[in-house]
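Q: The file below is model06.cif, mmCIF, C-alpha atoms:
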```
data_final
#
loop_
_atom_site.group_PDB
_atom_site.id
_atom_site.type_symbol
_atom_site.label_atom_id
_atom_site.label_comp_id
_atom_site.auth_asym_id
_atom_site.auth_seq_id
_atom_site.Cartn_x
_atom_site.Cartn_y
_atom_site.Cartn_z
ATOM 1 C CA MET A 250 84.522 172.749 78.813
ATOM 2 C CA LYS A 251 81.960 171.059 76.562
ATOM 3 C CA THR A 252 79.536 170.805 79.492
ATOM 4 C CA LEU A 253 79.886 174.543 80.122
ATOM 5 C CA LEU A 254 79.213 175.255 76.451
ATOM 6 C CA ASN A 255 76.104 173.070 76.550
ATOM 7 C CA ILE A 256 74.852 174.879 79.649
ATOM 8 C CA PHE A 257 75.535 178.256 78.021
ATOM 9 C CA PHE A 258 73.631 177.335 74.879
ATOM 10 C CA ALA A 259 70.748 175.873 76.906
ATOM 11 C CA LEU A 260 70.435 179.205 78.711
ATOM 12 C CA VAL A 261 70.616 181.114 75.432
ATOM 13 C CA VAL A 262 67.921 178.875 73.939
ATOM 14 C CA LEU A 263 65.666 179.446 76.956
ATOM 15 C CA ALA A 264 66.187 183.182 76.697
ATOM 16 C CA ALA A 265 65.620 183.067 72.940
ATOM 17 C CA ASN A 266 62.206 181.571 73.510
ATOM 18 C CA ALA A 267 61.333 184.486 75.782
ATOM 19 C CA GLN A 268 62.434 187.069 73.209
ATOM 20 C CA GLU A 269 59.943 188.817 70.971
ATOM 21 C CA SER A 270 62.380 189.527 68.157
ATOM 22 C CA LEU A 271 65.838 188.821 66.834
ATOM 23 C CA PRO A 272 67.000 192.397 67.544
ATOM 24 C CA GLU A 273 66.015 191.954 71.199
ATOM 25 C CA LEU A 274 67.860 188.656 71.439
ATOM 26 C CA LEU A 275 71.039 190.055 69.893
ATOM 27 C CA LYS A 276 70.843 193.159 72.072
ATOM 28 C CA GLN A 277 70.620 190.957 75.161
ATOM 29 C CA TYR A 278 73.531 188.630 74.318
ATOM 30 C CA ASN A 279 75.918 190.698 72.231
ATOM 31 C CA THR A 280 78.206 193.353 73.638
ATOM 32 C CA LYS A 281 78.484 195.423 70.456
ATOM 33 C CA ASN A 282 82.279 195.189 70.650
ATOM 34 C CA ILE A 283 82.118 194.003 67.051
ATOM 35 C CA PRO A 284 80.209 196.004 64.425
ATOM 36 C CA TYR A 285 77.493 194.278 62.438
ATOM 37 C CA ILE A 286 77.340 193.931 58.689
ATOM 38 C CA THR A 287 73.943 193.235 57.134
ATOM 39 C CA VAL A 288 73.288 190.310 54.830
ATOM 40 C CA GLN A 289 72.348 192.794 52.106
ATOM 41 C CA GLU A 290 75.689 194.567 52.404
ATOM 42 C CA LEU A 291 77.673 191.315 52.417
ATOM 43 C CA ALA A 292 75.771 190.108 49.346
ATOM 44 C CA MET A 293 76.757 193.191 47.310
ATOM 45 C CA PRO A 294 79.296 192.334 44.615
ATOM 46 C CA LYS A 295 81.527 195.212 45.729
ATOM 47 C CA THR A 296 81.884 193.776 49.234
ATOM 48 C CA GLN A 297 85.172 191.919 49.358
ATOM 49 C CA ALA A 298 85.636 189.958 52.575
ATOM 50 C CA ILE A 299 86.988 186.752 54.004
ATOM 51 C CA ILE A 300 83.996 184.894 55.461
ATOM 52 C CA LEU A 301 84.427 182.720 58.558
ATOM 53 C CA ASP A 302 81.791 180.252 59.757
ATOM 54 C CA ALA A 303 81.776 180.105 63.576
ATOM 55 C CA ARG A 304 79.386 177.151 63.790
ATOM 56 C CA GLU A 305 80.419 173.565 64.423
ATOM 57 C CA TYR A 306 81.598 171.488 61.485
ATOM 58 C CA GLN A 307 78.352 169.470 61.160
ATOM 59 C CA GLU A 308 76.424 172.733 60.829
ATOM 60 C CA TYR A 309 78.912 173.960 58.208
ATOM 61 C CA LYS A 310 78.643 170.709 56.226
ATOM 62 C CA THR A 311 74.848 171.005 56.104
ATOM 63 C CA SER A 312 75.041 174.498 54.649
ATOM 64 C CA HIS A 313 77.308 177.515 54.583
ATOM 65 C CA LEU A 314 77.881 180.744 52.732
ATOM 66 C CA LYS A 315 79.883 180.434 49.520
ATOM 67 C CA ASN A 316 83.649 180.411 50.115
ATOM 68 C CA ALA A 317 83.231 180.503 53.908
ATOM 69 C CA LEU A 318 86.034 178.991 55.944
ATOM 70 C CA PRO A 319 84.890 176.789 58.841
ATOM 71 C CA VAL A 320 86.529 177.894 62.102
ATOM 72 C CA GLY A 321 84.092 176.378 64.592
ATOM 73 C CA TYR A 322 83.175 177.584 68.025
ATOM 74 C CA GLY A 323 83.747 174.939 70.680
ATOM 75 C CA PHE A 324 87.088 173.969 69.170
ATOM 76 C CA PHE A 325 88.053 177.319 67.652
ATOM 77 C CA GLU A 326 91.825 177.604 67.103
ATOM 78 C CA LEU A 327 93.151 181.124 66.655
ATOM 79 C CA ASP A 328 96.481 179.827 65.318
ATOM 80 C CA SER A 329 94.670 178.119 62.446
ATOM 81 C CA VAL A 330 92.944 181.369 61.477
ATOM 82 C CA ILE A 331 96.210 183.305 61.689
ATOM 83 C CA LYS A 332 97.797 180.725 59.386
ATOM 84 C CA ASN A 333 94.933 180.823 56.853
ATOM 85 C CA VAL A 334 94.169 184.550 57.125
ATOM 86 C CA PRO A 335 97.511 186.290 57.679
ATOM 87 C CA ASN A 336 96.339 189.754 56.558
ATOM 88 C CA LYS A 337 95.120 191.446 59.726
ATOM 89 C CA ASP A 338 93.977 194.533 57.795
ATOM 90 C CA GLY A 339 91.569 192.808 55.373
ATOM 91 C CA LYS A 340 87.820 192.727 55.863
ATOM 92 C CA ILE A 341 86.609 189.647 57.752
ATOM 93 C CA VAL A 342 82.975 188.710 58.296
ATOM 94 C CA VAL A 343 82.173 186.079 60.912
ATOM 95 C CA TYR A 344 78.780 184.373 61.050
ATOM 96 C CA CYS A 345 76.957 181.621 62.927
ATOM 97 C CA SER A 346 73.255 180.726 63.097
ATOM 98 C CA ILE A 347 71.984 184.126 64.263
ATOM 99 C CA GLY A 348 75.008 186.133 65.425
ATOM 100 C CA ILE A 349 75.834 185.233 69.023
ATOM 101 C CA ARG A 350 78.653 182.691 68.637
ATOM 102 C CA SER A 351 80.088 184.719 65.777
ATOM 103 C CA GLU A 352 80.478 187.776 67.983
ATOM 104 C CA THR A 353 82.582 185.733 70.420
ATOM 105 C CA ILE A 354 84.865 184.467 67.639
ATOM 106 C CA ALA A 355 85.062 187.919 66.008
ATOM 107 C CA TYR A 356 86.091 189.430 69.342
ATOM 108 C CA LYS A 357 88.895 186.860 69.670
ATOM 109 C CA LEU A 358 90.116 187.923 66.228
ATOM 110 C CA LYS A 359 89.949 191.583 67.209
ATOM 111 C CA LYS A 360 91.992 190.884 70.363
ATOM 112 C CA ALA A 361 94.538 189.053 68.160
ATOM 113 C CA GLY A 362 95.065 192.216 66.103
ATOM 114 C CA TYR A 363 92.597 191.856 63.232
ATOM 115 C CA LYS A 364 91.390 195.373 62.518
ATOM 116 C CA ASN A 365 88.459 195.045 60.131
ATOM 117 C CA VAL A 366 86.203 192.351 61.676
ATOM 118 C CA PHE A 367 82.402 192.271 61.376
ATOM 119 C CA ASN A 368 79.613 190.095 62.741
ATOM 120 C CA LEU A 369 76.950 189.081 60.200
ATOM 121 C CA TYR A 370 73.677 190.379 61.641
ATOM 122 C CA GLY A 371 71.241 187.484 61.986
ATOM 123 C CA GLY A 372 73.797 184.961 60.703
ATOM 124 C CA ILE A 373 73.033 182.271 58.168
ATOM 125 C CA PHE A 374 69.359 182.308 59.203
ATOM 126 C CA GLU A 375 68.979 185.945 58.141
ATOM 127 C CA TRP A 376 71.021 185.214 54.997
ATOM 128 C CA LYS A 377 68.600 182.455 53.986
ATOM 129 C CA ASN A 378 65.543 184.443 55.128
ATOM 130 C CA ASN A 379 66.592 187.026 52.520
ATOM 131 C CA ASN A 380 66.762 184.357 49.789
ATOM 132 C CA PHE A 381 70.542 184.362 49.453
ATOM 133 C CA PRO A 382 72.048 180.997 48.475
ATOM 134 C CA VAL A 383 73.759 178.537 50.804
ATOM 135 C CA TYR A 384 75.886 175.558 49.853
ATOM 136 C CA ASN A 385 76.371 172.041 51.181
ATOM 137 C CA SER A 386 79.628 170.122 51.680
ATOM 138 C CA ASP A 387 79.687 169.297 47.939
ATOM 139 C CA GLU A 388 79.456 173.043 47.180
ATOM 140 C CA GLN A 389 76.008 172.521 45.671
ATOM 141 C CA GLU A 390 73.255 175.013 46.442
ATOM 142 C CA THR A 391 70.890 173.644 49.080
ATOM 143 C CA GLU A 392 67.732 174.574 50.940
ATOM 144 C CA ASN A 393 68.937 172.753 54.082
ATOM 145 C CA ILE A 394 69.894 174.855 57.068
ATOM 146 C CA HIS A 395 71.205 173.349 60.296
ATOM 147 C CA ILE A 396 69.016 174.873 63.011
ATOM 148 C CA PHE A 397 71.191 174.052 66.055
ATOM 149 C CA SER A 398 68.063 173.086 68.041
ATOM 150 C CA GLU A 399 64.287 172.935 67.653
ATOM 151 C CA GLU A 400 63.927 175.990 69.880
ATOM 152 C CA TRP A 401 66.411 177.912 67.757
ATOM 153 C CA SER A 402 64.511 177.115 64.567
ATOM 154 C CA LYS A 403 61.928 179.866 65.065
ATOM 155 C CA TRP A 404 64.418 182.412 63.705
ATOM 156 C CA LEU A 405 64.688 180.585 60.360
ATOM 157 C CA LYS A 406 61.733 181.515 58.141
ATOM 158 C CA LYS A 407 62.911 180.089 54.793
ATOM 159 C CA GLY A 408 64.734 176.947 53.763
ATOM 160 C CA ARG A 409 64.504 173.383 55.059
ATOM 161 C CA LYS A 410 65.228 173.034 58.774
ATOM 162 C CA VAL A 411 67.732 170.282 59.569
ATOM 163 C CA PHE A 412 68.928 169.208 62.990
#
```
Once you've parsed the file, please lay out its structure as structure tokens.

A:
Amino acid sequence: MKTLLNIFFALVVLAANAQESLPELLKQYNTKNIPYITVQELAMPKTQAIILDAREYQEYKTSHLKNALPVGYGFFELDSVIKNVPNKDGKIVVYCSIGIRSETIAYKLKKAGYKNVFNLYGGIFEWKNNNFPVYNSDEQETENIHIFSEEWSKWLKKGRKVF
């Protein structure tokens, strides 16, 4: 399974390098089964949502959105989310680096009966590119952003790239 995930991400990285823009990349890889929410909308004080981080734990530890719950991707466990987020009617926003892995996790939640699930457009990279704060494992604000790979880093324009 891990080998298949590595192959998948290698193909995505290759395709990402061929893409002119983030919208083109997301259009190519996402099915639009899950609606997007913009970073500006999520950052509004009136937006109340449970935030789920669909990146791997090392990425989450480097930096994450405030109050985000790490759910991972390769080892995602739906039962754990159901236990920690029992309200299937509440607003849930799922994010990853740019919005591809998060769509997969959000779709799993939708299939499990969650009704109000959104994918954060552009993920944590777009969040940081818009100068919104991210936090490390000590819940201290940080400039570090885990970039997943060198190739992936071109989508992050602000912050300190960490791999």

Q: Starting from the PyMOL selection byres ((chain A and resi 339-356) around 7), expand the selection into actual residues of this file and give them as a list in words.

A: Leu275, Tyr278, Asn279, Ile283, Ala298, Ile299, Ile300, Leu301, Asp302, Ala303, Arg304, Tyr322, Asn336, Lys337, Asp338, Lys357, Leu358, Lys359, Lys360, Asn365, Val366, Phe367, Asn368, Leu369, Tyr370, Gly371, Gly372, Ile373 and Phe374 of chain A

Q: Using the chain letters and numbers from the file, give me the residues hit by the PyMOL selection byres ((chain A and resi 306-318) around 6), as a PyMOL selection string.

A: chain A and resi 300-302+305+319+383-386+394-395

Q: What separation in Å, quoted to one decimal, exists between CA of Glu290 (chain A) and CA of Asp387 (chain A)?

A: 26.0 Å

Q: Hey, can you check how far CA of Phe412 (chain A) sits from CA of Asn380 (chain A)?

A: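 Distance reported for this atom pair: 20.2 Å.
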
Q: In Å, rounded to a single decimal, give me how far CA of Ile396 (chain A) is from CA of Lys410 (chain A).

A: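 Computing it gives 6.0 Å between the two atoms.
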
Q: Once you add 4 Å to each side, what are the centre and edge lengths of the axis-aligned box holding all listed atoms of region 287-293 of chain A? One decimal in Å, as AutoDock Vina command-line options, if you can.

A:
```
--center_x 75.0 --center_y 192.3 --center_z 52.2 --size_x 13.3 --size_y 12.5 --size_z 17.8
```

Q: Name the residues that the PyMOL selection byres ((chain A and resi 406) around 6) pulls out of this structure, and write them as a list in words.

A: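 For this structure, the PyMOL selection byres ((chain A and resi 406) around 6) captures Asn378, Leu405 and Lys407 of chain A.
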
Q: Nearest to Val334 (chain A) among A:Ala361, A:Ile286, A:Val411, A:Leu274, with distances taken over all atoms listed in the file: which residue is it?

A: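 Closest to Val334 (chain A), using all atoms listed in the file: A:Ala361.
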